[in-house]
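*Asks:* Below you'll find the structure I mean.
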There are 2 protein chains.
Amino acid sequence: MAMKRVAASALRAFTSSGDSTSSLVTRHLHASPGSKKIVGVFYDAKEYAAKNPNFLGCTENALGIRQWLESQGHQYIVTSDKEGPYCELEKHIPDLHVLITTPFHPAYVTAERIKKAKNLQLLLTAGIGSDHVDLKAAADAGLTVAEVTGSNVVSVAEDELMRILILVRNFVPGHHQVITGDWNVAGIAYRAYDLEGKTVGTVGAGRIGRLLLQRLKPFNCNLLYHDRLKMDPELENQIGAKFEEDLDKMLPKCDIIVINMPLTEKTRGMFNKDRIAKLKKGVLIVNNARAAIMDTQAVVDGCSSGQIGGYSGDVWNPQPAPKDHPWRYMPNQAMTPHISGTTIDAQIRYAAGVKDMLDKYFKGEDFPPQHYIVKDGELASQYR
Amino acid sequence: MAMKRVAASALRAFTSSGDSTSSLVTRHLHASPGSKKIVGVFYDAKEYAAKNPNFLGCTENALGIRQWLESQGHQYIVTSDKEGPYCELEKHIPDLHVLITTPFHPAYVTAERIKKAKNLQLLLTAGIGSDHVDLKAAADAGLTVAEVTGSNVVSVAEDELMRILILVRNFVPGHHQVITGDWNVAGIAYRAYDLEGKTVGTVGAGRIGRLLLQRLKPFNCNLLYHDRLKMDPELENQIGAKFEEDLDKMLPKCDIIVINMPLTEKTRGMFNKDRIAKLKKGVLIVNNARAAIMDTQAVVDGCSSGQIGGYSGDVWNPQPAPKDHPWRYMPNQAMTPHISGTTIDAQIRYAAGVKDMLDKYFKGEDFPPQHYIVKDGELASQYR
């Protein structure tokens, strides 16, 4: 299969060269001859870059692929400067072939940028979650969009369980007492609970959701999941979670809700004022998926009124979160910057995944099928 | 068995009454006639007391047993004022029969207090961990000391897993960025890891340690435990942890060390400067057991030098921790006040356990055997 596609791609690349009318066709081909201009947008690590040799996901260490790329004659530009018409990224848009971005410091790949990027063929996400790319525009332009599916699912699932416990235990006010010289056990304990016996529902039970459910199993909770598809009975039984076909029937049962869906036009703003009002009073919400699944102000209002007992996540809209983002200052939040999927272990995995896809791209080979978000002008099923 | 013991106790109580030379014998009997003076020392909840009807462990709600005790003609005094010669507790020492204390706001029951407490028969710990009682003095005085074994083991084990993840993920600096208006993913990520694949060792694998290991199992770690006794092979296999007979051979293998031992004369100061120096550089330590198992300054020095990569726990020496306790201000700590065992769920369980033991005490019946810390002048095995 793969070999057939390579041959076909190589042929099309060859036949289409110099034919300006077929540029849209050309753009989604895996292979094209000669040197490529590859641009990577990562976060800067500055003094932290040298502190850990495996800290690959920053501009300074640039996924650890510079030498490999340059030895093959490719050009590799790396920057964190991604916003506005005069940023470093914008300078390279007109002639780059490949753009590598991450969800942690997202370069927003808008329809306008795609239009300007006449040589662009491939958009790679170092990590998981490509909603910072206008996927429809990318599909219409015949681009390939791919991410390193699976590279940080364990990282995110572990982090979700941490956040569940942080909210259930009221950790943040407890730690705050310590650093402010206070000691008031009652002020923490009056709303600190065991996780055992509570009802936890995940909205979405894909790779991350399932890993979370597996890790929750020994906690003796009542586990629920909503997804487009019911798991096969054996897996469901092994995980010990109950399928809920109707989201709005599941949600009011939950003491704790975890969001595990991609951001799509269907999920955008899904947790609005009305839906939050129907949740159990004092519900705890963990969202490491995407911030725009929530109505920002509805979350602030819910946390302020006590309708939401606690909210924790690492995703913001936009990112970086501005200094005045209201989630920074709402009560009962346990937020961090976007971090759960960029552990050192995850960086090693997604750097390897990006390198592997670049290698296949240079050779005109297919990527692992689960990595494609847009292929041949078609969106992957979860983004439709 | 139990009935035989009750009968014997009742007989001894009867035969010893009025015989002043046998007062030491009298003091450890379960049953004695008439009204009892019971004193409980808990933390104050103030405005939080009314916020949750199940918030039983505070002075205001007093384990929810006031009506039950007073309806039987007993006197029930409750206070949080436990320190110094003029505190409320001290006033009642000379004539109380039963003293209920907790590890969360410990009333230190010294040899001197025991000597003054001529009527004292029973010391009950609402929770687990009775090291705030001078157990040798209690045993010598023929007292019974009992705690609600099992009442909060799940609570503490869950909390330990939370703290492991908080340290592994570098959560505290991440959250600090949020509330201070900052955004610097690199400043968190350069030392944020997955838990998967790491070596976790528990020093002590009693009830809490085992529950922790069970909850760690799906995380795909390398699990080690040191204890006086090897688990039976079936349980060990089910938990998936490897026994390490020699503590000092286990410790240097661990990325994460969790302390799950009682404080005894053998474990006091066990983690001193020398032992900490032999750990893996950057080791993470979770200690919800007792603070005095650690050398306070050695922990500060380890966190400052980076030898300890992170330290989290809820136990302090003494408690409440004074404003200038160095663990409040050392780097890489994720401390809280003493909270892990006093969740609302745990309070419900230990309040019920104390009530049950008082009921048995009034009736001259034995307690559940695992609750005894000192019985008939003998320390329970783990305190010897």
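Residue numbering restarts at 1 in every chain; chains get A, B, ... in the order shown in the structure tokens, and ligands count up from 1 in that same order.
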Can you pull out every residue within 8 Å of segment 191-200 of chain B, counting only C-alpha atoms, but drop anything in the same chain fewer than 3 positions away, and send it as number ranges by chain?

*Replies:* A: 52, 154-155, 158, 342-346; B: 165, 168-170, 188, 219-224, 253-258

*Asks:* Could you give me, as a list of chain:residue names, the residues within 6 Å of segment 76-90 of chain A, counting only C-alpha atoms and dropping anything in the same chain fewer than 5 positions from it?

*Replies:*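 My list of contacting residues is A:Ile38, A:Val39, A:Gly40, A:Val41, A:Phe42, A:Tyr43, A:Thr59, A:Ala107.
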
*Asks:* Give me the residues near Pro331 of chain A as an NGL selection string, where near means some atom within 10 Å (using only C-alpha atoms) and where sequence neighbours in that chain fewer than 5 positions away do not count.

*Replies:* :A and (300-306 or 308-311)

*Asks:* Quick one: residues within 6 Å of Leu63 of chain A, only C-alpha atoms counted, chain neighbours fewer than 3 positions away excluded, as a count of residues only?

*Replies:* 3

*Asks:* Which residues are close to Gly209 of chain A, i.e. within 12 Å by only C-alpha atoms, leaving aside same-chain residues fewer than 4 positions away? Reply as a short mmCIF file (atom, residue, chain, number, x, y, z; two decimals) with N, CA, C and O atoms, in the first residue's frame.

*Replies:*
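And here is the file that came out, result39.cif:
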```
data_model
loop_
_atom_site.label_atom_id
_atom_site.label_comp_id
_atom_site.auth_asym_id
_atom_site.auth_seq_id
_atom_site.Cartn_x
_atom_site.Cartn_y
_atom_site.Cartn_z
N VAL A 153 -0.77 11.33 24.99
CA VAL A 153 -2.05 10.96 25.59
C VAL A 153 -1.86 10.51 27.05
O VAL A 153 -2.67 10.86 27.92
N VAL A 154 -0.80 9.79 27.31
CA VAL A 154 -0.54 9.37 28.69
C VAL A 154 -0.27 10.60 29.56
O VAL A 154 -0.79 10.72 30.68
N SER A 155 0.51 11.52 29.02
CA SER A 155 0.86 12.74 29.77
C SER A 155 -0.41 13.50 30.16
O SER A 155 -0.55 13.96 31.29
N VAL A 156 -1.32 13.64 29.20
CA VAL A 156 -2.53 14.42 29.46
C VAL A 156 -3.45 13.67 30.42
O VAL A 156 -4.02 14.26 31.35
N ALA A 157 -3.59 12.36 30.23
CA ALA A 157 -4.48 11.58 31.11
C ALA A 157 -3.99 11.63 32.56
O ALA A 157 -4.78 11.82 33.49
N GLU A 158 -2.68 11.48 32.74
CA GLU A 158 -2.13 11.57 34.10
C GLU A 158 -2.43 12.95 34.71
O GLU A 158 -2.81 13.07 35.87
N ASP A 159 -2.22 13.97 33.91
CA ASP A 159 -2.43 15.33 34.38
C ASP A 159 -3.90 15.56 34.76
O ASP A 159 -4.21 16.25 35.73
N GLU A 160 -4.80 14.98 34.00
CA GLU A 160 -6.23 15.11 34.33
C GLU A 160 -6.54 14.50 35.70
O GLU A 160 -7.30 15.07 36.48
N LEU A 161 -5.94 13.33 35.95
CA LEU A 161 -6.19 12.70 37.25
C LEU A 161 -5.61 13.56 38.37
O LEU A 161 -6.23 13.73 39.43
N VAL A 200 -17.73 10.19 38.24
CA VAL A 200 -16.85 10.91 37.32
C VAL A 200 -17.30 10.60 35.89
O VAL A 200 -17.41 9.43 35.52
N GLY A 201 -17.58 11.64 35.13
CA GLY A 201 -17.97 11.43 33.74
C GLY A 201 -17.00 12.09 32.80
O GLY A 201 -16.61 13.25 33.00
N THR A 202 -16.58 11.36 31.78
CA THR A 202 -15.75 11.98 30.76
C THR A 202 -16.58 12.23 29.49
O THR A 202 -17.31 11.36 29.04
N VAL A 203 -16.47 13.46 29.01
CA VAL A 203 -17.14 13.84 27.76
C VAL A 203 -16.12 13.59 26.66
O VAL A 203 -15.21 14.39 26.45
N GLY A 204 -16.27 12.45 26.04
CA GLY A 204 -15.26 12.00 25.09
C GLY A 204 -14.45 10.88 25.72
O GLY A 204 -13.94 11.04 26.84
N ALA A 205 -14.37 9.76 25.04
CA ALA A 205 -13.59 8.64 25.56
C ALA A 205 -12.74 8.08 24.44
O ALA A 205 -12.79 6.89 24.11
N LEU A 213 -9.82 6.80 32.32
CA LEU A 213 -10.74 5.85 32.96
C LEU A 213 -9.97 4.65 33.53
O LEU A 213 -10.26 4.20 34.65
N GLN A 214 -8.98 4.16 32.78
CA GLN A 214 -8.19 3.04 33.29
C GLN A 214 -7.47 3.42 34.59
O GLN A 214 -7.40 2.61 35.52
N ARG A 215 -6.97 4.65 34.64
CA ARG A 215 -6.26 5.09 35.85
C ARG A 215 -7.23 5.38 37.01
O ARG A 215 -6.85 5.34 38.18
N LEU A 216 -8.46 5.68 36.67
CA LEU A 216 -9.45 5.95 37.72
C LEU A 216 -10.00 4.65 38.33
O LEU A 216 -10.54 4.67 39.43
N LEU A 223 -17.96 5.40 37.24
CA LEU A 223 -17.37 5.98 36.03
C LEU A 223 -18.37 5.97 34.87
O LEU A 223 -18.95 4.93 34.55
N LEU A 224 -18.54 7.13 34.24
CA LEU A 224 -19.44 7.28 33.09
C LEU A 224 -18.65 7.87 31.92
O LEU A 224 -17.69 8.60 32.13
N TYR A 225 -19.10 7.54 30.71
CA TYR A 225 -18.50 8.22 29.56
C TYR A 225 -19.55 8.47 28.49
O TYR A 225 -20.47 7.68 28.29
N HIS A 226 -19.38 9.60 27.84
CA HIS A 226 -20.19 9.92 26.67
C HIS A 226 -19.26 10.01 25.47
O HIS A 226 -18.20 10.63 25.56
N ASP A 227 -19.64 9.39 24.40
CA ASP A 227 -18.85 9.48 23.18
C ASP A 227 -19.79 9.22 22.01
O ASP A 227 -20.94 8.84 22.20
N MET A 231 -17.90 1.80 23.50
CA MET A 231 -16.73 0.91 23.39
C MET A 231 -17.21 -0.51 23.18
O MET A 231 -18.34 -0.85 23.53
N ILE A 239 -12.51 -1.55 31.56
CA ILE A 239 -12.35 -0.19 32.07
C ILE A 239 -13.33 0.08 33.20
O ILE A 239 -13.05 0.87 34.11
N ALA A 241 -16.44 1.39 32.97
CA ALA A 241 -17.21 2.63 32.82
C ALA A 241 -18.51 2.36 32.06
O ALA A 241 -18.57 1.46 31.23
N ILE A 257 -16.63 16.32 36.11
CA ILE A 257 -16.73 16.20 34.65
C ILE A 257 -15.36 16.48 34.05
O ILE A 257 -14.71 17.47 34.42
N VAL A 258 -14.93 15.61 33.15
CA VAL A 258 -13.65 15.82 32.48
C VAL A 258 -13.92 15.94 30.97
O VAL A 258 -14.64 15.11 30.40
N ILE A 259 -13.36 16.97 30.37
CA ILE A 259 -13.57 17.23 28.95
C ILE A 259 -12.45 16.56 28.16
O ILE A 259 -11.28 16.85 28.39
N ASN A 260 -12.84 15.69 27.25
CA ASN A 260 -11.85 14.96 26.45
C ASN A 260 -12.26 14.89 24.99
O ASN A 260 -12.22 13.82 24.38
N MET A 261 -12.65 16.05 24.44
CA MET A 261 -13.05 16.12 23.04
C MET A 261 -12.15 17.10 22.32
O MET A 261 -11.67 18.06 22.92
N PRO A 262 -11.99 16.93 21.00
CA PRO A 262 -11.32 17.99 20.25
C PRO A 262 -12.26 19.19 20.12
O PRO A 262 -13.48 19.06 20.29
N VAL A 286 -12.75 19.45 34.93
CA VAL A 286 -11.35 19.42 34.47
C VAL A 286 -11.37 19.49 32.94
O VAL A 286 -12.06 18.71 32.29
N ASN A 287 -10.63 20.43 32.40
CA ASN A 287 -10.60 20.61 30.95
C ASN A 287 -9.18 20.85 30.48
O ASN A 287 -8.66 21.96 30.58
N ASN A 288 -8.56 19.78 30.00
CA ASN A 288 -7.26 19.89 29.34
C ASN A 288 -7.42 19.78 27.84
O ASN A 288 -6.43 19.61 27.12
N ALA A 289 -8.67 19.84 27.35
CA ALA A 289 -8.92 19.65 25.91
C ALA A 289 -8.69 20.97 25.19
O ALA A 289 -7.58 21.23 24.72
#
```

*Asks:* Let's see if you can do this: from backbone DSSP, list all alpha helix (DSSP H) residues in segment 224-254 of chain A, as a PyMOL selection string.

*Replies:* chain A and resi 233-239+247-250

*Asks:* Show which residues sit within 10 Å of Lys323 of chain B, as a PyMOL selection string. Count only C-alpha atoms, and ignore same-chain residues fewer than 2 positions away.

*Replies:* (chain A and resi 178-183) or (chain B and resi 320-321+325-326+328-329)

*Asks:* Take the residues just selected and output them with all heavy atoms as a short mmCIF file (atom, residue, chain, number, x, y, z; two decimals), in the first residue's frame.

*Replies:*
```cif
data_model
loop_
_atom_site.label_atom_id
_atom_site.label_comp_id
_atom_site.auth_asym_id
_atom_site.auth_seq_id
_atom_site.Cartn_x
_atom_site.Cartn_y
_atom_site.Cartn_z
N VAL A 178 -0.02 27.67 53.36
CA VAL A 178 1.37 27.38 53.73
C VAL A 178 2.27 28.56 53.39
O VAL A 178 3.03 29.05 54.23
CB VAL A 178 1.86 26.11 53.02
CG1 VAL A 178 3.39 25.97 53.13
CG2 VAL A 178 1.17 24.89 53.62
N ILE A 179 2.15 29.05 52.17
CA ILE A 179 3.12 30.07 51.73
C ILE A 179 2.79 31.45 52.28
O ILE A 179 3.63 32.34 52.25
CB ILE A 179 3.29 30.10 50.19
CG1 ILE A 179 1.94 30.34 49.49
CG2 ILE A 179 3.93 28.81 49.70
CD1 ILE A 179 2.07 30.49 47.97
N THR A 180 1.57 31.62 52.80
CA THR A 180 1.22 32.91 53.39
C THR A 180 1.33 32.88 54.92
O THR A 180 0.87 33.81 55.58
CB THR A 180 -0.21 33.34 52.99
OG1 THR A 180 -1.12 32.30 53.36
CG2 THR A 180 -0.30 33.58 51.49
N GLY A 181 1.89 31.81 55.46
CA GLY A 181 2.11 31.77 56.91
C GLY A 181 0.88 31.42 57.72
O GLY A 181 0.84 31.57 58.94
N ASP A 182 -0.16 30.94 57.06
CA ASP A 182 -1.43 30.64 57.71
C ASP A 182 -1.52 29.15 58.08
O ASP A 182 -0.72 28.33 57.62
CB ASP A 182 -2.55 31.02 56.73
CG ASP A 182 -3.90 31.17 57.42
OD1 ASP A 182 -3.97 31.13 58.66
OD2 ASP A 182 -4.90 31.34 56.68
N TRP A 183 -2.49 28.82 58.90
CA TRP A 183 -2.80 27.41 59.24
C TRP A 183 -4.26 27.36 59.64
O TRP A 183 -4.62 27.85 60.71
CB TRP A 183 -1.91 26.92 60.39
CG TRP A 183 -2.14 25.47 60.73
CD1 TRP A 183 -3.17 24.93 61.45
CD2 TRP A 183 -1.31 24.36 60.37
NE1 TRP A 183 -3.05 23.57 61.55
CE2 TRP A 183 -1.90 23.19 60.89
CE3 TRP A 183 -0.12 24.24 59.64
CZ2 TRP A 183 -1.34 21.91 60.72
CZ3 TRP A 183 0.42 22.97 59.48
CH2 TRP A 183 -0.18 21.82 60.02
N PRO B 320 -0.01 23.17 64.94
CA PRO B 320 0.17 23.87 63.68
C PRO B 320 1.61 24.31 63.46
O PRO B 320 2.33 24.59 64.42
CB PRO B 320 -0.73 25.10 63.83
CG PRO B 320 -1.70 24.79 64.90
CD PRO B 320 -1.00 23.83 65.82
N ALA B 321 2.02 24.34 62.19
CA ALA B 321 3.36 24.81 61.86
C ALA B 321 3.47 26.29 62.16
O ALA B 321 2.59 27.06 61.77
CB ALA B 321 3.64 24.58 60.37
N HIS B 325 8.20 28.37 60.07
CA HIS B 325 8.68 27.01 59.77
C HIS B 325 9.37 27.02 58.41
O HIS B 325 8.80 27.48 57.42
CB HIS B 325 7.51 26.02 59.77
CG HIS B 325 7.95 24.59 59.82
ND1 HIS B 325 8.67 23.98 58.81
CD2 HIS B 325 7.79 23.64 60.78
CE1 HIS B 325 8.92 22.73 59.15
NE2 HIS B 325 8.39 22.49 60.33
N PRO B 326 10.61 26.51 58.34
CA PRO B 326 11.37 26.65 57.08
C PRO B 326 10.76 25.91 55.90
O PRO B 326 11.03 26.26 54.76
CB PRO B 326 12.76 26.10 57.44
CG PRO B 326 12.55 25.24 58.64
CD PRO B 326 11.40 25.84 59.38
N ARG B 328 7.84 26.08 54.93
CA ARG B 328 6.91 26.98 54.23
C ARG B 328 7.62 27.72 53.09
O ARG B 328 6.99 28.12 52.13
CB ARG B 328 6.36 28.04 55.19
CG ARG B 328 5.39 27.52 56.25
CD ARG B 328 4.90 28.69 57.10
NE ARG B 328 4.01 28.32 58.18
CZ ARG B 328 2.66 28.25 58.08
NH1 ARG B 328 2.08 28.53 56.93
NH2 ARG B 328 1.94 27.93 59.13
N TYR B 329 8.92 27.93 53.26
CA TYR B 329 9.63 28.86 52.37
C TYR B 329 10.73 28.20 51.54
O TYR B 329 11.40 28.86 50.76
CB TYR B 329 10.15 30.05 53.19
CG TYR B 329 9.06 30.61 54.08
CD1 TYR B 329 9.07 30.43 55.45
CD2 TYR B 329 7.97 31.27 53.50
CE1 TYR B 329 8.03 30.90 56.25
CE2 TYR B 329 6.92 31.74 54.29
CZ TYR B 329 6.96 31.55 55.66
OH TYR B 329 5.91 31.99 56.44
#
```

*Asks:* Which neighbours of segment 117-133 of chain B fall inside 7 Å, counting only C-alpha atoms, when residues of the same chain fewer than 2 positions from it are skipped, and could you give them as number ranges by chain?

*Replies:* B: 27-28, 93-103, 106-110, 113-115, 135, 143-149, 151-152, 262-263, 350-351, 354

*Asks:* Among segment 9-162 of chain A, which residues carry a DSSP assignment of strand (DSSP E or B), reported as a list in words?

*Replies:*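 Result set for segment 9-162 of chain A (strand (DSSP E or B)): Lys37, Ile38, Val39, Gly40, Val41, Tyr43, Cys58, Gln75, Tyr76, Ile77, Val78, Thr79, Val98, Leu99, Ile100, Thr101, Val109, Leu122, Leu123, Leu124, Thr125, Val133, Thr144, Val145, Ala146 and Glu147 of chain A.
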
*Asks:* What separation in Å, quoted to one decimal, exists between atom CA of Gly174 of chain A and atom CA of Thr336 of chain B?

*Replies:*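 So the answer is 4.9 Å.
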
*Asks:* Rounded to one decimal place, report the atom CA of Tyr190 of chain B-atom CA of Lys280 of chain B distance in Å.

*Replies:*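 Interatomic distance here is 18.2 Å.
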